[in-house]
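Asker: Sharing a structure, written as C-alpha cells. Questions coming.
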Amino acid sequence: MGEVKRLKYCIDGEWLESKAERYMPITDSSTGELIAEAPCCTKEEAEAAIESADRAFPAWSSLSISKRQQYMFTWRDVLVRHKEELSLLCAKELGKTIGEARGDVQKAIEPTELACSLPALIQGDASMNVTTGYDSTSYRFPLGVVAGIVPMNFPAMIPWGWMVPLAIATGNTVVLKANSQTPLTSIRILELFYEEAGFPKGVVNLVTCGRQEAEIFLTDPRIKAVTFVGTTGVGKKIYSIAAEHGKRVQAQTEAKNHALLLEDADLESAANAIINSTYGCAGMRCMALPVICVQESIADRFVSLLKEKAQAMKVGCAYEEDTRLGPVVSAAHRKSVCDWIQKGIDEGAKLVLDGRNCKVPGYENGFFVGPTILDHVTAEMSVGDCEIFGPVTCIKRVRDYEEGVRIMNRNPFANGSAIFTQSGYYSRRFVMDTDGGMVGINVGIPVPTAYFPFSGNKDSFFGDLHVLGKDGVRFYTRAKTVTTHWFDEKSAKREVGTWEGSTEI
C-alpha cells in the first residue's frame, strides 16, 4: 500500500493543510484498506470557515434571484456529468452498493433541480387596499451564514441535497462539517463546485473536525441557522445549545421505522419491498424498515418467505454491479451491529437468519454483516425499539390492525411508517392513526421527492421547519412584511389611529 493521502479543508475556495494534531482514518469498506485520513481541524480553522462564509455573504446575497438561479442550473449540469465518478467514490468510502450510491448522488441532484425553481419558491404575497389606502407586501430574505453538520451515511445527498442547494439559492452562505468517516464524496463535490461551476469563493466552506471543535457552530453569532443529521442524543444537544444562542435549528435524528403487514396483503410484493427497505444501504439509513409488525395468521408464512429472499441476496463488494448488500461503514460499526444481534438473542428473540459471520471471497477484510432476522420480538426487548443501523429485521407478531398500530406508536421515534394491505379502509385509517411523519401505503421507503418536506416526528426530529419542500425555503429565509400608504389631499389630513392601517372599524 502506498502513502495514505491526508485530506485538506476548504476556506475561500482554497484547499489548505490543517494544523491538526490528530487525523481520522477513512477506509474502503469492502476491503478494509485505509485510503485516506481526515484532519480533526482546529477550533481556529473552524472559525476561519465561518469568517469566509461571513465575508462572502453580502455579495452573494445581493445577487439577483435570476443570477443565483443561473448558477444553480450550471451546478445541476456539473453534478449530472460527474454522477458516475461520485457514485463510485461514495460506494468505496461508505459501503453502499454502486446502485444505491447512484441513488445517493441523484438525491443531491433532485434538490438542486428544486433550487433551480427559486423564483417561484421565494415569492412573497401582496394585497392592495388591505385597509383603505394601505397596501401590504411580504418578502423573504436570506438569513446569513448557515452551518451543516453531516452524518456518515449519505455523503452526497445530505450535505449537497438537503443542506446546500436551498441554502445558497435563497442567498445564504454555508459552512459544512463533513463527516470524518466519509468525507471524500463531499470534498470532491466541493472541488467541482468551484472548479467547474464557478461559484464565488467562500459561498461554501468545509472542515472535518470533532464535536469539541464544532461547538463554535452552535454559539458563534455569525451563524444564523444549524441543520444537523445524526443521533438523537447529539441532536437534542445541538437543538438546545443553538436555539439558546438564537439560531434556527433542524435536527434530523434517529429512527426505528415500523411496518404493519396485514393478512390481506400481497405477500410476494410486500416481501420484495421489505427486503429492499430493510437491507438497502446495509440498513444504515433513517428510512430503513427494521421492524415488521406481522398479523399472526400469516406470520409463519411471511417469515419463511422473507428468509428465503434474504438468503438469495448477493452480499459483496460495494462497487461490483451485481452486489445487492454491501458492507457497513467500519469495523467498529460492524461490531456494534453484531453486538445488537447478540443482545436480541439474549433478550429472548428467535434467531431465524444470522449474518454475523458473513465472509465474501476476495474481500475477507471487508466490514460485512449479512441479512439477519429476529422473530418473536416483544415490547420489553430493546432490540425492537432502538436504532441498530444495520441489516437486521425484527418481527413483532400482532393479533390485528389495532394492536399493530398501538405497538408502532409506542416507539419513541416517528420518522417513517408503512402498511401493507389491499384494504382502502385500513390504509386510510393508518394515515390518520400512525405517528410516522412519512407514511407508506404498500411502499417500504416512503421518502418524499424534494418538493415535499422530509417530515419526521417525535424523537426523530427537533425543530419547526423540516428539510426540503416549502419548509426548506422557509427555514433558510426570514420574512419581512411591508405596509405602504401614499398620501392624497384627503388622506394627508386624516387622523391616525392606534392601529394605523392594520384594521378598520
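Each chain of the C-alpha cells is named A, B, ... in the order shown, its residues numbered from 1; ligands are numbered from 1 in display order.
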Got a sec: who's within 12 Å of Trp486 in chain A, counting only C-alpha atoms, leaving out chain neighbours fewer than 5 positions off, as a list in words?
Answerer: Met128, Asn129, Thr132, Gly133, Tyr134, Asp135, Ser491, Ala492 and Gly501 of chain A
Asker: Can I get the selection written as a PDB file, in the first residue's frame, with N, CA, C and O atoms?
Answerer:
ATOM      1  N   MET A 128     -53.460  44.739  -2.236  1.00  0.00           N
ATOM      2  CA  MET A 128     -53.690  46.184  -2.245  1.00  0.00           C
ATOM      3  C   MET A 128     -54.941  46.497  -1.437  1.00  0.00           C
ATOM      4  O   MET A 128     -55.870  45.691  -1.350  1.00  0.00           O
ATOM      5  N   ASN A 129     -54.917  47.694  -0.858  1.00  0.00           N
ATOM      6  CA  ASN A 129     -56.082  48.221  -0.163  1.00  0.00           C
ATOM      7  C   ASN A 129     -56.565  47.274   0.937  1.00  0.00           C
ATOM      8  O   ASN A 129     -57.742  46.994   1.094  1.00  0.00           O
ATOM      9  N   THR A 132     -58.349  50.898   3.918  1.00  0.00           N
ATOM     10  CA  THR A 132     -58.481  51.987   2.949  1.00  0.00           C
ATOM     11  C   THR A 132     -57.176  52.753   2.786  1.00  0.00           C
ATOM     12  O   THR A 132     -56.650  53.334   3.738  1.00  0.00           O
ATOM     13  N   GLY A 133     -56.615  52.672   1.568  1.00  0.00           N
ATOM     14  CA  GLY A 133     -55.399  53.402   1.244  1.00  0.00           C
ATOM     15  C   GLY A 133     -54.103  52.730   1.637  1.00  0.00           C
ATOM     16  O   GLY A 133     -53.028  53.295   1.435  1.00  0.00           O
ATOM     17  N   TYR A 134     -54.194  51.517   2.198  1.00  0.00           N
ATOM     18  CA  TYR A 134     -52.987  50.831   2.662  1.00  0.00           C
ATOM     19  C   TYR A 134     -52.783  49.528   1.878  1.00  0.00           C
ATOM     20  O   TYR A 134     -53.741  48.771   1.635  1.00  0.00           O
ATOM     21  N   ASP A 135     -51.522  49.246   1.515  1.00  0.00           N
ATOM     22  CA  ASP A 135     -51.151  48.020   0.819  1.00  0.00           C
ATOM     23  C   ASP A 135     -50.160  47.233   1.681  1.00  0.00           C
ATOM     24  O   ASP A 135     -49.345  47.818   2.398  1.00  0.00           O
ATOM     25  N   SER A 491     -56.242  62.155   2.443  1.00  0.00           N
ATOM     26  CA  SER A 491     -55.618  61.344   3.488  1.00  0.00           C
ATOM     27  C   SER A 491     -54.524  62.094   4.237  1.00  0.00           C
ATOM     28  O   SER A 491     -54.184  61.748   5.364  1.00  0.00           O
ATOM     29  N   ALA A 492     -53.971  63.120   3.614  1.00  0.00           N
ATOM     30  CA  ALA A 492     -52.935  63.880   4.309  1.00  0.00           C
ATOM     31  C   ALA A 492     -53.481  64.559   5.559  1.00  0.00           C
ATOM     32  O   ALA A 492     -52.733  64.848   6.493  1.00  0.00           O
ATOM     33  N   GLY A 501     -53.582  51.640   9.817  1.00  0.00           N
ATOM     34  CA  GLY A 501     -53.527  50.841   8.581  1.00  0.00           C
ATOM     35  C   GLY A 501     -53.804  49.375   8.742  1.00  0.00           C
ATOM     36  O   GLY A 501     -54.025  48.680   7.735  1.00  0.00           O
TER      37      GLY A 501
END
Asker: Counting only C-alpha atoms, which residues of range 366-416 of chain A sit at most 10 Å from some atom of range 25-33 of chain A, and what is each one's closest atom pair with its distance in Å to one decimal, listed by chain and rising residue number, as CSV?
Answerer:
residue,atom,partner,partner_atom,distance
A:Gly366,CA,A:Ser30,CA,4.3
A:Phe367,CA,A:Ser29,CA,5.8
A:Phe368,CA,A:Ser30,CA,7.6
Asker: Closest to Gly326 in chain A among A:Lys480, A:Lys359, A:Lys350, A:Lys224, using only C-alpha atoms?
Answerer: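 Smallest distance to Gly326 in chain A is found for A:Lys359.
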Asker: If DSSP is run on the backbone, what residues of range 202-285 of chain A are strand (DSSP E)? A reply as number ranges by chain would be ideal.
Answerer: A: 204-207, 223-229, 248-252, 258-261
Asker: Kindly save the residues from that selection, with N, CA and C atoms included, as a PDB file, in the first residue's frame.
Answerer:
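result_26.pdb written:
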ATOM      1  N   VAL A 204     -19.452  28.279  -0.109  1.00  0.00           N
ATOM      2  CA  VAL A 204     -19.485  27.056   0.694  1.00  0.00           C
ATOM      3  C   VAL A 204     -18.064  26.772   1.168  1.00  0.00           C
ATOM      4  N   ASN A 205     -17.920  26.486   2.460  1.00  0.00           N
ATOM      5  CA  ASN A 205     -16.640  26.152   3.075  1.00  0.00           C
ATOM      6  C   ASN A 205     -16.779  24.802   3.775  1.00  0.00           C
ATOM      7  N   LEU A 206     -15.660  24.101   3.975  1.00  0.00           N
ATOM      8  CA  LEU A 206     -15.756  22.741   4.509  1.00  0.00           C
ATOM      9  C   LEU A 206     -14.598  22.440   5.445  1.00  0.00           C
ATOM     10  N   VAL A 207     -14.960  21.844   6.596  1.00  0.00           N
ATOM     11  CA  VAL A 207     -13.965  21.335   7.532  1.00  0.00           C
ATOM     12  C   VAL A 207     -14.370  19.941   7.974  1.00  0.00           C
ATOM     13  N   ILE A 223     -23.248  32.633  12.821  1.00  0.00           N
ATOM     14  CA  ILE A 223     -24.053  31.501  12.330  1.00  0.00           C
ATOM     15  C   ILE A 223     -25.511  31.767  12.682  1.00  0.00           C
ATOM     16  N   LYS A 224     -26.373  31.799  11.681  1.00  0.00           N
ATOM     17  CA  LYS A 224     -27.780  32.124  11.911  1.00  0.00           C
ATOM     18  C   LYS A 224     -28.681  30.894  11.968  1.00  0.00           C
ATOM     19  N   ALA A 225     -28.212  29.759  11.422  1.00  0.00           N
ATOM     20  CA  ALA A 225     -29.029  28.549  11.433  1.00  0.00           C
ATOM     21  C   ALA A 225     -28.107  27.338  11.396  1.00  0.00           C
ATOM     22  N   VAL A 226     -28.578  26.253  11.997  1.00  0.00           N
ATOM     23  CA  VAL A 226     -27.829  25.000  12.030  1.00  0.00           C
ATOM     24  C   VAL A 226     -28.743  23.883  11.553  1.00  0.00           C
ATOM     25  N   THR A 227     -28.270  23.108  10.583  1.00  0.00           N
ATOM     26  CA  THR A 227     -29.006  21.930  10.152  1.00  0.00           C
ATOM     27  C   THR A 227     -28.129  20.712  10.417  1.00  0.00           C
ATOM     28  N   PHE A 228     -28.711  19.696  11.051  1.00  0.00           N
ATOM     29  CA  PHE A 228     -27.948  18.554  11.566  1.00  0.00           C
ATOM     30  C   PHE A 228     -28.669  17.268  11.232  1.00  0.00           C
ATOM     31  N   VAL A 229     -27.900  16.214  10.953  1.00  0.00           N
ATOM     32  CA  VAL A 229     -28.449  14.863  10.834  1.00  0.00           C
ATOM     33  C   VAL A 229     -27.543  13.942  11.635  1.00  0.00           C
ATOM     34  N   ARG A 248     -31.805  29.267  14.318  1.00  0.00           N
ATOM     35  CA  ARG A 248     -32.773  28.280  13.837  1.00  0.00           C
ATOM     36  C   ARG A 248     -32.093  26.923  13.788  1.00  0.00           C
ATOM     37  N   VAL A 249     -32.863  25.878  14.064  1.00  0.00           N
ATOM     38  CA  VAL A 249     -32.277  24.533  14.073  1.00  0.00           C
ATOM     39  C   VAL A 249     -33.216  23.547  13.379  1.00  0.00           C
ATOM     40  N   GLN A 250     -32.631  22.712  12.522  1.00  0.00           N
ATOM     41  CA  GLN A 250     -33.272  21.485  12.048  1.00  0.00           C
ATOM     42  C   GLN A 250     -32.383  20.355  12.540  1.00  0.00           C
ATOM     43  N   ALA A 251     -32.899  19.475  13.359  1.00  0.00           N
ATOM     44  CA  ALA A 251     -32.130  18.320  13.816  1.00  0.00           C
ATOM     45  C   ALA A 251     -32.884  17.057  13.423  1.00  0.00           C
ATOM     46  N   GLN A 252     -32.433  16.427  12.353  1.00  0.00           N
ATOM     47  CA  GLN A 252     -33.000  15.152  11.909  1.00  0.00           C
ATOM     48  C   GLN A 252     -32.243  14.054  12.653  1.00  0.00           C
ATOM     49  N   HIS A 258     -41.366   1.273  11.634  1.00  0.00           N
ATOM     50  CA  HIS A 258     -42.148   0.036  11.701  1.00  0.00           C
ATOM     51  C   HIS A 258     -43.076  -0.059  10.485  1.00  0.00           C
ATOM     52  N   ALA A 259     -43.307  -1.279  10.056  1.00  0.00           N
ATOM     53  CA  ALA A 259     -44.344  -1.544   9.056  1.00  0.00           C
ATOM     54  C   ALA A 259     -45.377  -2.479   9.670  1.00  0.00           C
ATOM     55  N   LEU A 260     -46.605  -2.339   9.214  1.00  0.00           N
ATOM     56  CA  LEU A 260     -47.695  -3.222   9.631  1.00  0.00           C
ATOM     57  C   LEU A 260     -48.114  -4.050   8.425  1.00  0.00           C
ATOM     58  N   LEU A 261     -47.988  -5.368   8.551  1.00  0.00           N
ATOM     59  CA  LEU A 261     -48.310  -6.285   7.462  1.00  0.00           C
ATOM     60  C   LEU A 261     -49.593  -7.032   7.814  1.00  0.00           C
TER      61      LEU A 261
END
Asker: Got a sec: who's within 7 Å of Val315 in chain A, counting only C-alpha atoms, leaving out chain neighbours fewer than 5 positions off, as a PyMOL selection string?
Answerer: chain A and resi 323-326+370
Asker: Take the residues from that selection and put them in a file with N, CA, C and O atoms, as a PDB file, in the first residue's frame.
Answerer:
ATOM      1  N   THR A 323     -23.812  -6.804  -6.803  1.00  0.00           N
ATOM      2  CA  THR A 323     -23.957  -6.861  -5.341  1.00  0.00           C
ATOM      3  C   THR A 323     -25.287  -6.245  -4.918  1.00  0.00           C
ATOM      4  O   THR A 323     -25.660  -5.174  -5.382  1.00  0.00           O
ATOM      5  N   ARG A 324     -25.972  -6.921  -4.017  1.00  0.00           N
ATOM      6  CA  ARG A 324     -27.243  -6.402  -3.506  1.00  0.00           C
ATOM      7  C   ARG A 324     -27.143  -5.933  -2.063  1.00  0.00           C
ATOM      8  O   ARG A 324     -27.986  -5.183  -1.591  1.00  0.00           O
ATOM      9  N   LEU A 325     -26.136  -6.409  -1.338  1.00  0.00           N
ATOM     10  CA  LEU A 325     -25.920  -5.966   0.042  1.00  0.00           C
ATOM     11  C   LEU A 325     -24.427  -5.755   0.238  1.00  0.00           C
ATOM     12  O   LEU A 325     -23.638  -6.697   0.163  1.00  0.00           O
ATOM     13  N   GLY A 326     -24.041  -4.503   0.454  1.00  0.00           N
ATOM     14  CA  GLY A 326     -22.642  -4.178   0.663  1.00  0.00           C
ATOM     15  C   GLY A 326     -22.280  -4.199   2.139  1.00  0.00           C
ATOM     16  O   GLY A 326     -23.088  -4.551   3.003  1.00  0.00           O
ATOM     17  N   GLY A 370     -24.211  -9.976   7.089  1.00  0.00           N
ATOM     18  CA  GLY A 370     -25.251 -10.493   6.217  1.00  0.00           C
ATOM     19  C   GLY A 370     -26.639 -10.177   6.738  1.00  0.00           C
ATOM     20  O   GLY A 370     -26.810  -9.733   7.889  1.00  0.00           O
TER      21      GLY A 370
END
Asker: Excluding Leu465 in chain A and its own-chain neighbours fewer than 6 positions away, which residues fall within 8 Å of it when counting only C-alpha atoms? Please give them as an MDAnalysis selection string.
Answerer: chainID A and resid 250 471:472 474:475
Asker: Kindly save the residues from that selection, with all heavy atoms included, as a PDB file, in the first residue's frame.
Answerer:
ATOM      1  N   GLN A 250     -32.631  22.712  12.522  1.00  0.00           N
ATOM      2  CA  GLN A 250     -33.272  21.485  12.048  1.00  0.00           C
ATOM      3  C   GLN A 250     -32.383  20.355  12.540  1.00  0.00           C
ATOM      4  O   GLN A 250     -31.211  20.283  12.168  1.00  0.00           O
ATOM      5  CB  GLN A 250     -33.279  21.381  10.523  1.00  0.00           C
ATOM      6  CG  GLN A 250     -34.016  22.411   9.740  1.00  0.00           C
ATOM      7  CD  GLN A 250     -33.703  22.275   8.251  1.00  0.00           C
ATOM      8  OE1 GLN A 250     -32.595  21.935   7.858  1.00  0.00           O
ATOM      9  NE2 GLN A 250     -34.685  22.552   7.427  1.00  0.00           N
ATOM     10  N   ASP A 471     -40.966  23.909   3.426  1.00  0.00           N
ATOM     11  CA  ASP A 471     -40.322  24.067   4.732  1.00  0.00           C
ATOM     12  C   ASP A 471     -38.869  24.491   4.579  1.00  0.00           C
ATOM     13  O   ASP A 471     -38.374  25.349   5.322  1.00  0.00           O
ATOM     14  CB  ASP A 471     -40.375  22.743   5.505  1.00  0.00           C
ATOM     15  CG  ASP A 471     -41.596  22.620   6.388  1.00  0.00           C
ATOM     16  OD1 ASP A 471     -42.583  23.329   6.126  1.00  0.00           O
ATOM     17  OD2 ASP A 471     -41.579  21.809   7.329  1.00  0.00           O
ATOM     18  N   GLY A 472     -38.164  23.870   3.628  1.00  0.00           N
ATOM     19  CA  GLY A 472     -36.762  24.192   3.433  1.00  0.00           C
ATOM     20  C   GLY A 472     -36.542  25.635   3.039  1.00  0.00           C
ATOM     21  O   GLY A 472     -35.620  26.291   3.540  1.00  0.00           O
ATOM     22  N   ARG A 474     -38.505  28.153   3.732  1.00  0.00           N
ATOM     23  CA  ARG A 474     -38.819  28.990   4.903  1.00  0.00           C
ATOM     24  C   ARG A 474     -37.706  28.918   5.943  1.00  0.00           C
ATOM     25  O   ARG A 474     -37.399  29.907   6.610  1.00  0.00           O
ATOM     26  CB  ARG A 474     -40.155  28.554   5.510  1.00  0.00           C
ATOM     27  CG  ARG A 474     -41.354  28.818   4.605  1.00  0.00           C
ATOM     28  CD  ARG A 474     -42.663  28.547   5.324  1.00  0.00           C
ATOM     29  NE  ARG A 474     -43.804  28.710   4.436  1.00  0.00           N
ATOM     30  CZ  ARG A 474     -44.505  27.705   3.926  1.00  0.00           C
ATOM     31  NH1 ARG A 474     -44.192  26.457   4.227  1.00  0.00           N
ATOM     32  NH2 ARG A 474     -45.535  27.924   3.125  1.00  0.00           N
ATOM     33  N   PHE A 475     -37.108  27.722   6.099  1.00  0.00           N
ATOM     34  CA  PHE A 475     -36.050  27.586   7.100  1.00  0.00           C
ATOM     35  C   PHE A 475     -34.882  28.507   6.786  1.00  0.00           C
ATOM     36  O   PHE A 475     -34.291  29.112   7.686  1.00  0.00           O
ATOM     37  CB  PHE A 475     -35.570  26.133   7.165  1.00  0.00           C
ATOM     38  CG  PHE A 475     -34.448  25.909   8.149  1.00  0.00           C
ATOM     39  CD1 PHE A 475     -34.707  25.828   9.502  1.00  0.00           C
ATOM     40  CD2 PHE A 475     -33.135  25.798   7.720  1.00  0.00           C
ATOM     41  CE1 PHE A 475     -33.674  25.646  10.424  1.00  0.00           C
ATOM     42  CE2 PHE A 475     -32.096  25.612   8.615  1.00  0.00           C
ATOM     43  CZ  PHE A 475     -32.372  25.533   9.975  1.00  0.00           C
TER      44      PHE A 475
END
Asker: May I ask which of the residues A:Ala108, A:Val78, A:Val467, A:Ile341 is the closest one to Tyr194 in chain A, counting only C-alpha atoms?
Answerer: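 Using only C-alpha atoms, Tyr194 in chain A sits closest to A:Val78.
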Asker: Per DSSP on the backbone, what are the helix (DSSP H, G or I) residues of range 151-247 of chain A, as a VMD selection string?
Answerer: chain A and resid 157 to 169 184 to 195 211 to 214 216 to 219 232 to 244
Asker: Would you mind telling me which residue in A:Gln212, A:Gln181, A:Asn411, A:Thr503 lies nearest to Met381 in chain A when using only C-alpha atoms?
Answerer: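 Result for the nearest residue to Met381 in chain A: A:Asn411.
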Asker: Which residues are near Ala197 in chain A? Cut-off 9 Å, only C-alpha atoms, ignore same chain within fewer than 5 positions. Put them as a PDB file with N, CA, C and O atoms, in the first residue's frame.
Answerer:
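The resulting file, part_37.pdb, is shown below:
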ATOM      1  N   TYR A  71     -26.685  30.153 -11.667  1.00  0.00           N
ATOM      2  CA  TYR A  71     -25.636  29.356 -11.019  1.00  0.00           C
ATOM      3  C   TYR A  71     -26.151  27.942 -10.713  1.00  0.00           C
ATOM      4  O   TYR A  71     -25.429  26.953 -10.895  1.00  0.00           O
ATOM      5  N   MET A  72     -27.390  27.849 -10.254  1.00  0.00           N
ATOM      6  CA  MET A  72     -27.936  26.541  -9.883  1.00  0.00           C
ATOM      7  C   MET A  72     -28.147  25.656 -11.117  1.00  0.00           C
ATOM      8  O   MET A  72     -27.927  24.435 -11.060  1.00  0.00           O
ATOM      9  N   THR A  74     -26.274  25.725 -13.804  1.00  0.00           N
ATOM     10  CA  THR A  74     -24.923  25.259 -14.135  1.00  0.00           C
ATOM     11  C   THR A  74     -24.482  24.148 -13.189  1.00  0.00           C
ATOM     12  O   THR A  74     -23.915  23.132 -13.613  1.00  0.00           O
ATOM     13  N   TRP A  75     -24.751  24.335 -11.912  1.00  0.00           N
ATOM     14  CA  TRP A  75     -24.346  23.366 -10.893  1.00  0.00           C
ATOM     15  C   TRP A  75     -25.044  22.026 -11.098  1.00  0.00           C
ATOM     16  O   TRP A  75     -24.419  20.958 -10.976  1.00  0.00           O
ATOM     17  N   ARG A  76     -26.295  22.063 -11.444  1.00  0.00           N
ATOM     18  CA  ARG A  76     -27.029  20.821 -11.704  1.00  0.00           C
ATOM     19  C   ARG A  76     -26.361  20.032 -12.824  1.00  0.00           C
ATOM     20  O   ARG A  76     -26.179  18.812 -12.739  1.00  0.00           O
ATOM     21  N   ASP A  77     -25.962  20.711 -13.883  1.00  0.00           N
ATOM     22  CA  ASP A  77     -25.334  20.026 -15.017  1.00  0.00           C
ATOM     23  C   ASP A  77     -23.979  19.435 -14.642  1.00  0.00           C
ATOM     24  O   ASP A  77     -23.603  18.360 -15.128  1.00  0.00           O
ATOM     25  N   VAL A  78     -23.233  20.117 -13.787  1.00  0.00           N
ATOM     26  CA  VAL A  78     -21.947  19.583 -13.320  1.00  0.00           C
ATOM     27  C   VAL A  78     -22.165  18.272 -12.558  1.00  0.00           C
ATOM     28  O   VAL A  78     -21.456  17.277 -12.775  1.00  0.00           O
ATOM     29  N   LEU A 192     -15.610  20.385  -7.445  1.00  0.00           N
ATOM     30  CA  LEU A 192     -16.358  20.651  -8.676  1.00  0.00           C
ATOM     31  C   LEU A 192     -17.160  21.948  -8.571  1.00  0.00           C
ATOM     32  O   LEU A 192     -17.319  22.673  -9.565  1.00  0.00           O
TER      33      LEU A 192
END
Asker: Residues of range 205-277 of chain A within 12 Å of range 43-50 of chain A: nearest atom pair and distance (Å, one decimal) for each, counting only C-alpha atoms, sorted by chain and number, as a Markdown table?
Answerer:
| residue | atom | partner | partner_atom | distance |
| --- | --- | --- | --- | --- |
| A:Asn205 | CA | A:Ala49 | CA | 5.8 |
| A:Leu206 | CA | A:Ala49 | CA | 7.0 |
| A:Val207 | CA | A:Ala46 | CA | 6.6 |
| A:Thr208 | CA | A:Ala46 | CA | 8.6 |
| A:Cys209 | CA | A:Ala46 | CA | 8.0 |
| A:Gly210 | CA | A:Lys43 | CA | 9.5 |
| A:Arg211 | CA | A:Lys43 | CA | 10.3 |
| A:Gln212 | CA | A:Lys43 | CA | 8.1 |
| A:Glu213 | CA | A:Lys43 | CA | 4.8 |
| A:Ala214 | CA | A:Ala46 | CA | 7.1 |
| A:Glu215 | CA | A:Lys43 | CA | 8.7 |
| A:Ile216 | CA | A:Glu47 | CA | 7.2 |
| A:Phe217 | CA | A:Ile50 | CA | 8.1 |
| A:Leu218 | CA | A:Ile50 | CA | 11.5 |
| A:Thr219 | CA | A:Glu47 | CA | 11.1 |
| A:Asp220 | CA | A:Ile50 | CA | 8.6 |
| A:Pro221 | CA | A:Ile50 | CA | 10.1 |
| A:Arg222 | CA | A:Ile50 | CA | 7.3 |
| A:Ile223 | CA | A:Ile50 | CA | 7.5 |
| A:Lys224 | CA | A:Ile50 | CA | 10.9 |
